[in-house]
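Shown next, in structure tokens, is the structure this report addresses.
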Amino acid sequence: MLRPLLAAAVVLSLAGGSAQAARCGGDFNTFVATMTQEAQAAGVSASVTSAALSGVTPDPAVLAFDRRQRYTFNKTFEQYVSTRVGPGRINGGRALLQRHAALLSRVEQKFGVPRYILVAIWGLESDFGKGDIGKMPVVRTLATLAHDCRRTDLFQGELLAALKIVQRGDLPLRDLVGAFAGEIGQTQFLPSSYIKYGVDFDGDGHVDLRHSIPDVLASTANLLHVSGFKMGQPYSEGTPNFEAMREWNRAVVYRKTIGYFADRLMGQ
């Protein structure tokens, strides 16, 4: 789920304060060469940039999807929720609440975000990790979107963040795959959010949002916690918690669906 979280300043912070972003449009290889220089100036090694960016080509399917994405939330809440929250998904979420009860208790205690909200997001984003979390090379996807001039600042920042995920050793390049806007993992983090909010909750030294359920749930909780979500407070439309979920997704209908799903998981 594409979450428009970032300002253009992200490019500057990730690039170590560089004031010169790569010029969008024009020759793609020239653009990639400039992004390579930006990444190395931001601390990404030459070996990582070479492996990730050498020979990369634009993906026209990504641009076509990006043009369609703006119409995702034109449905009413009732229309949208009926396609996303049904008996099968509710029952599956309740089973996972039981299976991961101890883990969810630890996450709640550390981050102050209720398990029902976390499991609702997990279910909506990837059907609890069992659904399609994306198979597209994230670097190619983001290079394509960054080269396109519609939101170049946003996606230049995301491309640099994706390279930093590899540089940090969180995911190897072969495993850096995701959805049509570069979202990664079981709750579909954009790379910048992966860097900012990712938590190594299983203690293996890596933030793995594709395979590690502890990392997935803790990182999702951390994002909401940092955004101001408060345990024990309502999260319906108009509340501070509903506003805190805006950092997850700006669409009102999506945040209402999270709350609706959480309530169903609680049996309400």
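Note on naming: chains are A, B, ... as they come in the structure tokens, residues start from 1 per chain, ligands start from 1 in the order shown.
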
If DSSP is run on the backbone, what residues of stretch 163-201 of chain A are strand (DSSP E or B)? A reply as a PyMOL selection string would be ideal. chain A and resi 177-178+184+189

For the residues in that selection, give me N, CA and C atoms as an mmCIF file, in the first residue's frame.
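Produced file part-v7.cif, reproduced below:
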data_model
loop_
_atom_site.group_PDB
_atom_site.id
_atom_site.type_symbol
_atom_site.label_atom_id
_atom_site.label_comp_id
_atom_site.auth_asym_id
_atom_site.auth_seq_id
_atom_site.Cartn_x
_atom_site.Cartn_y
_atom_site.Cartn_z
ATOM 1 N N VAL A 177 12.731 -7.536 -2.809
ATOM 2 C CA VAL A 177 11.640 -7.548 -3.774
ATOM 3 C C VAL A 177 10.387 -7.040 -3.081
ATOM 4 N N GLY A 178 9.492 -6.460 -3.869
ATOM 5 C CA GLY A 178 8.312 -5.876 -3.261
ATOM 6 C C GLY A 178 7.234 -5.591 -4.277
ATOM 7 N N ILE A 184 7.785 -3.118 0.877
ATOM 8 C CA ILE A 184 8.519 -4.331 1.229
ATOM 9 C C ILE A 184 7.867 -5.003 2.426
ATOM 10 N N PHE A 189 6.142 -1.933 4.058
ATOM 11 C CA PHE A 189 6.838 -0.691 4.394
ATOM 12 C C PHE A 189 7.532 -0.132 3.162
#

For stretch 246-259 of chain A, list every protein, DNA or RNA residue within 7 Å, evaluated using only C-alpha atoms, and leave out those in the same chain fewer than 3 positions away; present the list as a list in words.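 Close residues of stretch 246-259 of chain A: Arg3, Leu5, Phe77, Val81, Ile117, Ala120, Ile121, Ser227, Tyr235, Ser236, Glu237, Phe242, Glu243, Ala262 and Asp263 of chain A.
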
With C-alpha atoms kept, could you save the residues just selected as a PDB file, in the first residue's frame?
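File produced: out-v2.pdb:
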ATOM      1  CA  ARG A   3       1.766   5.539   1.872  1.00  0.00           C
ATOM      2  CA  LEU A   5       4.572   9.808   4.097  1.00  0.00           C
ATOM      3  CA  PHE A  77     -16.209   2.787   3.210  1.00  0.00           C
ATOM      4  CA  VAL A  81     -14.608  -2.836   3.697  1.00  0.00           C
ATOM      5  CA  ILE A 117      -4.783  -3.000  15.397  1.00  0.00           C
ATOM      6  CA  ALA A 120      -5.723  -5.948  11.382  1.00  0.00           C
ATOM      7  CA  ILE A 121      -2.979  -4.096   9.503  1.00  0.00           C
ATOM      8  CA  SER A 227       3.265   8.705  15.417  1.00  0.00           C
ATOM      9  CA  TYR A 235      -9.289   4.934  17.383  1.00  0.00           C
ATOM     10  CA  SER A 236     -12.481   5.850  15.563  1.00  0.00           C
ATOM     11  CA  GLU A 237     -12.596   8.682  13.041  1.00  0.00           C
ATOM     12  CA  PHE A 242      -7.151   7.875  14.104  1.00  0.00           C
ATOM     13  CA  GLU A 243      -4.923  10.816  13.229  1.00  0.00           C
ATOM     14  CA  ALA A 262      -9.721  -4.583  14.802  1.00  0.00           C
ATOM     15  CA  ASP A 263     -13.194  -4.405  16.317  1.00  0.00           C
TER      16      ASP A 263
END

Identify, on the basis of only C-alpha atoms, every residue whose closest approach to A:Arg99 does not exceed 12 Å; exclude the query and any residue fewer than 6 positions from it along the same chain; express the result as a PyMOL selection string. chain A and resi 92-93+105+119+213

Distance in Å - atom CA of A:Asp215 versus atom CA of A:Val199: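 Distance between the two atoms: 5.7 Å.
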
Report as a PyMOL selection string all protein, DNA and RNA residues lying within 7 Å of A:Arg140, evaluated on only C-alpha atoms, omitting residues in the same chain fewer than 4 positions from it. chain A and resi 56-58+144

Could you list, as a VMD selection string, every residue within 8 Å of A:Ser192, counting only C-alpha atoms and ignoring same-chain residues fewer than 3 positions away? chain A and resid 157 to 158 161 to 162 189 195 to 196

Restrict the selected residues to N, CA and C atoms and save them as a compact mmCIF listing (two decimals), in the first residue's frame.
# COMPACT_ATOMS: atom_id res chain seq x y z
N GLY A 157 14.43 9.58 -2.83
CA GLY A 157 14.66 9.27 -1.43
C GLY A 157 14.41 7.81 -1.11
N GLU A 158 13.36 7.24 -1.69
CA GLU A 158 13.06 5.83 -1.45
C GLU A 158 14.13 4.91 -2.04
N ALA A 161 17.04 4.93 0.25
CA ALA A 161 16.72 4.15 1.44
C ALA A 161 16.80 2.65 1.15
N ALA A 162 16.33 2.23 -0.02
CA ALA A 162 16.39 0.81 -0.38
C ALA A 162 17.84 0.33 -0.44
N PHE A 189 6.14 -1.93 4.06
CA PHE A 189 6.84 -0.69 4.39
C PHE A 189 7.53 -0.13 3.16
N ILE A 195 13.78 1.95 7.12
CA ILE A 195 14.96 2.50 7.78
C ILE A 195 14.58 3.23 9.08
N LYS A 196 13.52 4.01 9.04
CA LYS A 196 13.16 4.87 10.17
C LYS A 196 12.53 4.10 11.33

DSSP on the backbone, then: every residue of stretch 190-260 of chain A marked helix (DSSP H, G or I), written as a ChimeraX atom specification. /A:191-197,213-226,240-247,252-260

Rounded to one decimal, what separation in Å do you get between atom CA of A:Gly26 and atom CA of A:His147?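 Spanning atom CA of A:Gly26 to atom CA of A:His147 is a straight-line distance of 8.3 Å.
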
Would you compute the distance between atom CA of A:Gln188 and atom CA of A:Glu125? Give it in Å to one decimal.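 Going from atom CA of A:Gln188 over to atom CA of A:Glu125 covers 6.4 Å.
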
Could you give me, as a VMD selection string, the residues within 12 Å of A:Asn91, counting only C-alpha atoms and dropping anything in the same chain fewer than 3 positions from it? chain A and resid 85 to 88 94 to 98 119 to 120 123 127 to 128 261 264 to 267

Would you mind exporting N, CA and C atoms of the selected residues as a tab-separated table (two decimals), in the first residue's frame?
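Once written, part.tsv looks like this:
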chain	number	residue	atom	x	y	z
A	85	VAL	N	-12.64	-7.22	4.47
A	85	VAL	CA	-12.83	-7.83	5.79
A	85	VAL	C	-14.04	-8.76	5.74
A	86	GLY	N	-13.76	-10.06	5.64
A	86	GLY	CA	-14.82	-11.06	5.62
A	86	GLY	C	-14.60	-12.10	6.69
A	87	PRO	N	-15.51	-13.07	6.81
A	87	PRO	CA	-15.40	-14.09	7.87
A	87	PRO	C	-14.09	-14.87	7.83
A	88	GLY	N	-13.60	-15.21	6.65
A	88	GLY	CA	-12.36	-15.97	6.56
A	88	GLY	C	-11.18	-15.21	7.12
A	94	ARG	N	-8.06	-14.11	14.20
A	94	ARG	CA	-8.26	-14.57	15.57
A	94	ARG	C	-7.36	-15.76	15.89
A	95	ALA	N	-7.17	-16.64	14.92
A	95	ALA	CA	-6.26	-17.78	15.14
A	95	ALA	C	-4.83	-17.30	15.38
A	96	LEU	N	-4.41	-16.28	14.64
A	96	LEU	CA	-3.05	-15.75	14.81
A	96	LEU	C	-2.91	-14.98	16.12
A	97	LEU	N	-3.97	-14.35	16.57
A	97	LEU	CA	-3.93	-13.71	17.89
A	97	LEU	C	-3.63	-14.73	18.98
A	98	GLN	N	-4.18	-15.92	18.85
A	98	GLN	CA	-3.90	-16.97	19.82
A	98	GLN	C	-2.50	-17.54	19.64
A	119	VAL	N	-2.70	-6.77	14.13
A	119	VAL	CA	-3.12	-7.93	13.35
A	119	VAL	C	-4.06	-7.50	12.22
A	120	ALA	N	-4.87	-6.47	12.46
A	120	ALA	CA	-5.72	-5.95	11.38
A	120	ALA	C	-4.88	-5.41	10.23
A	123	GLY	N	-3.28	-8.26	8.36
A	123	GLY	CA	-4.22	-8.94	7.48
A	123	GLY	C	-4.56	-8.14	6.24
A	127	ASP	N	-2.61	-10.36	3.97
A	127	ASP	CA	-3.31	-11.56	4.42
A	127	ASP	C	-2.42	-12.35	5.38
A	128	PHE	N	-1.85	-11.60	6.34
A	128	PHE	CA	-0.99	-12.17	7.40
A	128	PHE	C	0.27	-12.83	6.84
A	261	PHE	N	-11.83	-3.69	11.27
A	261	PHE	CA	-11.26	-5.04	11.34
A	261	PHE	C	-10.80	-5.34	12.76
A	264	ARG	N	-13.74	-6.24	14.85
A	264	ARG	CA	-14.24	-7.60	14.55
A	264	ARG	C	-13.33	-8.66	15.20
A	265	LEU	N	-12.04	-8.41	15.20
A	265	LEU	CA	-11.12	-9.35	15.84
A	265	LEU	C	-11.38	-9.45	17.34
A	266	MET	N	-11.83	-8.36	17.93
A	266	MET	CA	-12.17	-8.35	19.36
A	266	MET	C	-13.54	-8.94	19.62
A	267	GLY	N	-14.29	-9.22	18.56
A	267	GLY	CA	-15.63	-9.76	18.73
A	267	GLY	C	-16.71	-8.74	18.86

Show me, as a list of chain:residue names, the residues that have an atom within 9 Å of stretch 46-49 of chain A when counting only C-alpha atoms, minus same-chain residues fewer than 5 positions from it.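 Here the qualifying residues turn out to be A:Thr36, A:Gln37, A:Ala39, A:Gln40, A:Ser54, A:Leu163, A:Val166, A:Gln167, A:Leu173.
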
Counting only C-alpha atoms, figure out which residue out of A:Pro234, A:Gly131, A:Pro191, A:Gly198 gets nearest to A:Ala221.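 Selected residue with least distance to A:Ala221: A:Gly198.
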